[in-house]
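Below: protein-v4.txt (compact mmCIF, C-alpha atoms and all ligand atoms)
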# COMPACT_ATOMS: atom_id res chain seq x y z
CA MET A 1 12.05 2.47 20.37
CA THR A 2 15.24 1.98 22.34
CA LEU A 3 18.78 1.81 21.04
CA ILE A 4 20.85 -0.82 22.81
CA THR A 5 24.08 1.05 22.07
CA LEU A 6 22.70 3.82 24.32
CA SER A 7 20.71 1.82 26.89
CA ASP A 8 23.32 -0.93 27.39
CA PRO A 9 26.60 0.05 25.75
CA ARG A 10 28.56 -2.75 27.44
CA SER A 11 26.30 -5.57 26.24
CA PRO A 12 27.57 -8.13 23.70
CA VAL A 13 25.04 -6.76 21.21
CA SER A 14 26.52 -3.25 21.48
CA GLU A 15 29.95 -4.80 21.10
CA ALA A 16 28.74 -6.43 17.89
CA TYR A 17 27.76 -3.00 16.50
CA ARG A 18 31.24 -1.71 17.35
CA THR A 19 32.73 -4.70 15.53
CA LEU A 20 30.60 -3.81 12.52
CA ARG A 21 31.97 -0.25 12.70
CA THR A 22 35.53 -1.58 12.82
CA ASN A 23 34.99 -3.98 9.94
CA LEU A 24 33.55 -1.20 7.80
CA SER A 25 36.57 0.99 8.45
CA PHE A 26 38.88 -1.85 7.36
CA SER A 27 36.83 -2.76 4.31
CA SER A 28 38.48 0.01 2.30
CA LEU A 29 41.89 1.11 3.48
CA ASP A 30 42.72 3.43 0.58
CA GLU A 31 39.62 5.57 0.57
CA PRO A 32 37.60 5.54 3.79
CA ILE A 33 33.86 5.02 3.31
CA ARG A 34 32.15 8.38 3.87
CA THR A 35 28.70 7.63 2.49
CA LEU A 36 26.96 4.33 3.20
CA VAL A 37 23.46 3.06 2.36
CA ILE A 38 21.82 0.23 4.27
CA THR A 39 19.25 -2.03 2.68
CA SER A 40 17.96 -5.61 2.78
CA PRO A 41 16.09 -7.88 0.37
CA THR A 42 12.60 -7.57 1.94
CA PRO A 43 10.83 -5.61 4.73
CA ASP A 44 11.41 -5.99 8.48
CA GLU A 45 14.90 -7.48 8.39
CA GLY A 46 16.46 -4.93 10.76
CA LYS A 47 17.80 -2.18 8.46
CA SER A 48 16.73 0.83 10.50
CA THR A 49 17.77 -0.70 13.84
CA THR A 50 21.18 -1.60 12.42
CA ILE A 51 21.91 1.77 10.84
CA ALA A 52 20.70 3.69 13.92
CA ASN A 53 22.96 1.70 16.25
CA LEU A 54 25.85 1.92 13.80
CA ALA A 55 25.39 5.70 13.67
CA VAL A 56 25.54 5.89 17.47
CA THR A 57 28.79 3.89 17.64
CA MET A 58 30.35 5.95 14.85
CA ALA A 59 29.51 9.21 16.61
CA GLN A 60 30.75 7.77 19.91
CA GLY A 61 33.99 6.96 18.10
CA GLY A 62 34.42 10.69 17.57
CA ARG A 63 33.28 11.03 13.98
CA LYS A 64 30.72 13.67 13.12
CA THR A 65 27.88 11.55 11.76
CA VAL A 66 24.73 12.47 9.85
CA LEU A 67 22.00 9.86 9.60
CA VAL A 68 19.52 10.40 6.76
CA ASP A 69 16.12 8.72 6.52
CA CYS A 70 15.83 7.84 2.83
CA ASP A 71 13.07 5.35 3.48
CA LEU A 72 10.47 7.69 2.03
CA ARG A 73 7.86 4.91 2.24
CA ARG A 74 8.17 3.70 5.86
CA PRO A 75 10.42 6.21 7.65
CA SER A 76 11.30 5.28 11.22
CA LEU A 77 14.61 6.81 12.32
CA HIS A 78 12.99 9.80 14.06
CA ALA A 79 11.31 7.39 16.49
CA PHE A 80 14.67 5.96 17.65
CA PHE A 81 15.94 9.43 18.57
CA ASN A 82 12.69 11.09 19.72
CA CYS A 83 13.00 13.53 16.84
CA GLN A 84 10.41 14.99 14.46
CA PRO A 85 9.57 13.24 11.16
CA GLU A 86 9.60 16.57 9.32
CA PRO A 87 11.01 18.84 8.04
CA GLY A 88 13.54 16.59 6.40
CA LEU A 89 14.96 15.24 3.19
CA THR A 90 11.92 15.76 0.96
CA ASN A 91 11.68 19.44 1.95
CA LEU A 92 15.28 19.76 0.90
CA LEU A 93 14.65 17.92 -2.37
CA LEU A 94 11.64 20.02 -3.31
CA GLU A 95 12.64 23.45 -2.00
CA LYS A 96 15.69 24.72 -3.79
CA ASP A 97 18.32 26.59 -1.76
CA SER A 98 17.01 25.38 1.59
CA GLU A 99 19.46 24.21 4.25
CA PRO A 100 19.33 20.65 5.67
CA ALA A 101 17.11 20.54 8.77
CA LEU A 102 19.59 18.57 10.88
CA GLN A 103 18.13 17.62 14.25
CA GLU A 104 20.33 17.15 17.28
CA THR A 105 20.17 13.81 19.05
CA GLU A 106 21.11 12.83 22.58
CA VAL A 107 24.43 11.64 21.16
CA GLU A 108 27.13 14.24 20.70
CA ASP A 109 28.29 14.42 17.07
CA LEU A 110 25.19 12.60 15.76
CA PHE A 111 22.59 14.50 13.73
CA LEU A 112 19.43 13.26 12.04
CA LEU A 113 17.91 14.37 8.76
CA SER A 114 14.38 12.93 8.88
CA SER A 115 12.41 11.89 5.80
CA GLY A 116 10.15 14.93 5.64
CA PRO A 117 6.62 14.60 4.18
CA LEU A 118 6.15 11.39 2.17
CA PRO A 119 6.23 12.05 -1.59
CA PRO A 120 4.33 10.16 -4.33
CA ASN A 121 7.54 9.46 -6.28
CA PRO A 122 10.40 8.48 -3.91
CA ALA A 123 12.59 6.82 -6.54
CA ASP A 124 12.50 9.87 -8.84
CA LEU A 125 13.47 12.16 -5.99
CA LEU A 126 16.31 9.92 -4.80
CA GLY A 127 17.61 9.61 -8.36
CA SER A 128 17.59 13.36 -9.03
CA LYS A 129 20.55 15.70 -9.55
CA ARG A 130 19.33 17.60 -6.52
CA MET A 131 19.96 14.45 -4.45
CA ASP A 132 23.60 14.45 -5.64
CA GLN A 133 23.93 18.05 -4.45
CA ILE A 134 22.43 17.15 -1.08
CA ILE A 135 24.84 14.24 -0.63
CA ARG A 136 27.78 16.57 -1.42
CA LYS A 137 26.49 19.16 1.01
CA LEU A 138 26.10 16.61 3.81
CA LYS A 139 29.66 15.35 3.18
CA ASP A 140 30.86 18.93 3.69
CA VAL A 141 29.40 19.06 7.19
CA ALA A 142 30.01 15.48 8.37
CA ASP A 143 32.77 12.88 8.47
CA ILE A 144 30.34 10.12 7.62
CA VAL A 145 26.81 10.13 6.17
CA LEU A 146 24.61 7.06 6.67
CA PHE A 147 21.40 6.51 4.67
CA ASP A 148 18.50 4.24 5.63
CA ALA A 149 16.64 2.89 2.59
CA PRO A 150 13.65 0.69 1.71
CA PRO A 151 14.11 -3.02 0.87
CA VAL A 152 15.78 -3.65 -2.45
CA ILE A 153 13.63 -6.27 -4.19
CA ALA A 154 10.20 -4.59 -4.12
CA VAL A 155 11.22 -1.02 -4.99
CA THR A 156 14.14 0.53 -6.82
CA ASP A 157 14.98 3.30 -4.30
CA ALA A 158 17.90 1.54 -2.58
CA THR A 159 19.55 0.59 -5.86
CA ILE A 160 19.28 4.13 -7.21
CA LEU A 161 20.66 5.61 -4.02
CA GLY A 162 23.33 2.92 -3.71
CA ALA A 163 24.81 3.96 -7.03
CA LYS A 164 25.41 7.47 -5.63
CA VAL A 165 27.39 6.49 -2.51
CA ASP A 166 30.66 4.82 -1.53
CA GLY A 167 29.06 1.55 -0.49
CA VAL A 168 26.01 -0.45 0.49
CA LEU A 169 25.61 -2.65 3.55
CA LEU A 170 23.17 -5.50 3.03
CA VAL A 171 21.20 -6.71 6.04
CA ILE A 172 20.28 -10.40 6.13
CA SER A 173 18.01 -11.79 8.85
CA ALA A 174 18.94 -15.25 10.12
CA GLY A 175 16.06 -17.70 9.80
CA ARG A 176 13.96 -15.13 8.01
CA THR A 177 15.61 -13.90 4.81
CA LYS A 178 15.28 -16.53 2.11
CA ARG A 179 18.53 -17.51 0.36
CA GLU A 180 16.90 -16.88 -2.99
CA HIS A 181 15.96 -13.34 -1.92
CA ALA A 182 19.46 -12.62 -0.58
CA GLN A 183 20.92 -13.76 -3.89
CA ARG A 184 18.42 -11.72 -5.90
CA ALA A 185 19.14 -8.57 -3.87
CA LYS A 186 22.88 -9.02 -4.42
CA ASP A 187 22.38 -9.56 -8.17
CA MET A 188 20.15 -6.50 -8.49
CA LEU A 189 22.67 -4.26 -6.73
CA GLU A 190 25.63 -5.63 -8.67
CA LYS A 191 23.84 -5.18 -11.97
CA ALA A 192 23.47 -1.48 -11.12
CA LYS A 193 27.23 -1.30 -10.34
CA VAL A 194 26.57 -0.69 -6.68
CA ARG A 195 29.48 -1.53 -4.39
CA ILE A 196 28.36 -3.96 -1.68
CA VAL A 197 30.81 -3.49 1.18
CA GLY A 198 29.44 -6.36 3.24
CA ALA A 199 26.48 -7.93 4.95
CA ALA A 200 25.20 -7.67 8.50
CA LEU A 201 23.43 -10.69 9.96
CA THR A 202 20.53 -9.82 12.26
CA ASN A 203 18.35 -12.08 14.37
CA ALA A 204 21.27 -14.46 14.85
CA PRO A 205 20.99 -17.04 17.64
CA LYS A 206 23.13 -16.20 20.66
CA ASP A 207 26.33 -18.21 20.94
CA SER A 208 27.35 -18.14 24.59
CA SER A 209 30.61 -19.96 23.92
CA ILE A 210 32.18 -16.75 22.58
CA GLY A 211 32.93 -13.80 24.74
CA GLY A 212 30.94 -14.83 27.80
CA TYR A 213 33.89 -13.71 29.92
CA TYR A 214 33.40 -10.15 28.78
CA ASP A 215 29.67 -9.95 29.55
N1 LIG A 301 19.90 -7.48 15.14
C1 LIG A 301 18.63 -7.80 15.38
N2 LIG A 301 18.31 -8.98 15.92
C2 LIG A 301 17.03 -9.34 16.15
N3 LIG A 301 15.96 -8.54 15.87
C3 LIG A 301 16.21 -7.34 15.32
C4 LIG A 301 17.55 -6.91 15.04
N4 LIG A 301 17.48 -5.67 14.48
C5 LIG A 301 16.16 -5.35 14.43
N5 LIG A 301 15.39 -6.35 14.92
C6 LIG A 301 13.92 -6.36 15.04
O1 LIG A 301 13.37 -6.56 13.74
C7 LIG A 301 12.18 -5.77 13.56
C8 LIG A 301 12.33 -4.89 12.34
O2 LIG A 301 13.37 -3.95 12.60
P1 LIG A 301 13.58 -2.65 11.71
O3 LIG A 301 12.41 -1.75 11.78
O4 LIG A 301 14.91 -2.11 12.08
O5 LIG A 301 13.65 -3.33 10.28
P2 LIG A 301 13.61 -2.65 8.85
O6 LIG A 301 14.31 -3.61 7.94
O7 LIG A 301 14.11 -1.27 8.92
O8 LIG A 301 12.04 -2.65 8.52
P3 LIG A 301 11.31 -1.84 7.32
O9 LIG A 301 11.46 -2.72 6.12
O10 LIG A 301 9.89 -1.71 7.80
O11 LIG A 301 11.99 -0.51 7.18
C9 LIG A 301 11.99 -5.00 14.85
O12 LIG A 301 11.07 -5.66 15.65
C10 LIG A 301 13.39 -5.01 15.47
O13 LIG A 301 13.34 -4.91 16.86
MG MG A 302 13.25 0.52 8.30

Using structure tokens, write down the structure that the file contains.
Amino acid sequence: MTLITLSDPRSPVSEAYRTLRTNLSFSSLDEPIRTLVITSPTPDEGKSTTIANLAVTMAQGGRKTVLVDCDLRRPSLHAFFNCQPEPGLTNLLLEKDSEPALQETEVEDLFLLSSGPLPPNPADLLGSKRMDQIIRKLKDVADIVLFDAPPVIAVTDATILGAKVDGVLLVISAGRTKREHAQRAKDMLEKAKVRIVGAALTNAPKDSSIGGYYD
């Protein structure tokens, strides 16, 4: 899988990821967001692609960034960075005192913590006290920690994890995500007191009337 922010950093799409980075940094002026979970209502709406490209632009902006694959059901981040799927988060969750197996990527200042072996009980692991410790530990070594998560409606993982971090970014796919599902995802997160910092629209039709000059 290719990352457009690496293969074509000057494209309008890469520019859109940088705009997303900027908007996130302005979304909370008092306390900068240091831990962010990405999710979406249902599968295949572009969560992993969005968080991987966002991580690249954040690291390129000079912030030490750790990307964590918390989709313990369909992990995919390792494939974007040609990294290994394990060891990773689940090793860290199950083996006390172990150190995070951060893998280097081709991007300076960007490190990946893969999912590790898939567990039978992802939600229990993500909701554990040990997970709180791991988040604290990752914050000690990075400026920003980004977490990929499963879709929010079918399983509870993203909601549980979202309650442990500074904010959640909700991905909505144009022409694909149903309004009703977007609304339900928002309600579910808000009910759990999760802070939704914004939404990212994927699969949007290209509008050539804006920014063509800068192509
Ligand atoms: N911004 C975008 N615009 C159009 N298509 C996109 C965009 N981002 C991702 N896609 C495409 O959508 C599909 C799903 O992407 P991705 O794997 O990132 O989604 P996901 O929400 O993480 O899926 P899953 O629920 O399986 O984890 C891929 O084919 C990807 O290329
Ligand atoms: Mg995914």

- Message: From the options A:Asn82, A:Ser40, A:Lys178, A:Asp207, which residue's atoms come nearest to A:Pro12, counting only C-alpha atoms?
- Response: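 Going through A:Asn82, A:Ser40, A:Lys178, A:Asp207 one by one, the smallest distance to A:Pro12 is for A:Asp207.
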
- Message: Here's a test: counting all atoms listed in the file, identify every protein, DNA and RNA residue with an atom at most 10 Å from (23.4, -5.9, 11.0) in the file's coordinate frame, and state them as a PyMOL selection string.
- Response: chain A and resi 16-17+20+38+40+45-51+53-54+169-173+198-204

- Interatomic distance (Å, one decimal) between atom O2 of ligand LIG 301 (chain A) and atom CA of A:Met1: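 If I compute the distance from atom O2 of ligand LIG 301 (chain A) to atom CA of A:Met1, I get 10.2 Å.
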
- Item | Counting only C-alpha atoms and all ligand atoms, the residue of A:Gln84, A:Ser7, A:Thr22, A:Thr39 that sits nearest ligand MG 302 (chain A) |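 Closest to ligand MG 302 (chain A), using only C-alpha atoms and all ligand atoms: A:Thr39.
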
- Item | For A:Arg130, the nearest of the candidates A:Leu92, A:Ala182, A:Val37, A:Val13, counting all atoms listed in the file |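 Nearest candidate to A:Arg130 out of A:Leu92, A:Ala182, A:Val37, A:Val13: A:Leu92.
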
- Separation of atom CA of A:Asp157 and atom CA of A:Gly116, in Å? 16.0 Å

Using all atoms listed in the file, I'd like a table of the residues in chain A that come within 8 Å of ligand MG 302 (chain A); for each, show the closest atom pair and its distance in Å rounded to one decimal, ordered by chain and ascending number, as CSV.
residue,atom,partner,partner_atom,distance
A:Pro43,CA,A:MG302,MG,7.5
A:Asp44,CA,A:MG302,MG,6.8
A:Gly46,CA,A:MG302,MG,6.8
A:Lys47,CA,A:MG302,MG,5.3
A:Ser48,CA,A:MG302,MG,4.1
A:Thr49,CA,A:MG302,MG,7.3
A:Asp71,CA,A:MG302,MG,6.8
A:Arg74,CA,A:MG302,MG,6.5
A:Pro75,CA,A:MG302,MG,6.4
A:Ser76,CA,A:MG302,MG,5.9
A:Leu77,CA,A:MG302,MG,7.6
A:Asp148,CA,A:MG302,MG,7.0
A:Ala149,CA,A:MG302,MG,7.1
A:Pro150,CA,A:MG302,MG,6.6

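Within the 12 Å cut-off around A:Leu118, using only C-alpha atoms and omitting residues fewer than 5 positions from it on the same chain, the listed residues are Asp69, Cys70, Asp71, Leu72, Arg73, Arg74, Pro75, Pro85, Glu86, Pro87, Gly88, Leu89, Thr90, Asn91, Leu93, Leu94, Ala123 and Leu125 of chain A.
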
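Across the model, the gap from atom CA of A:Ala101 to atom CA of A:Asp8 is 29.1 Å.
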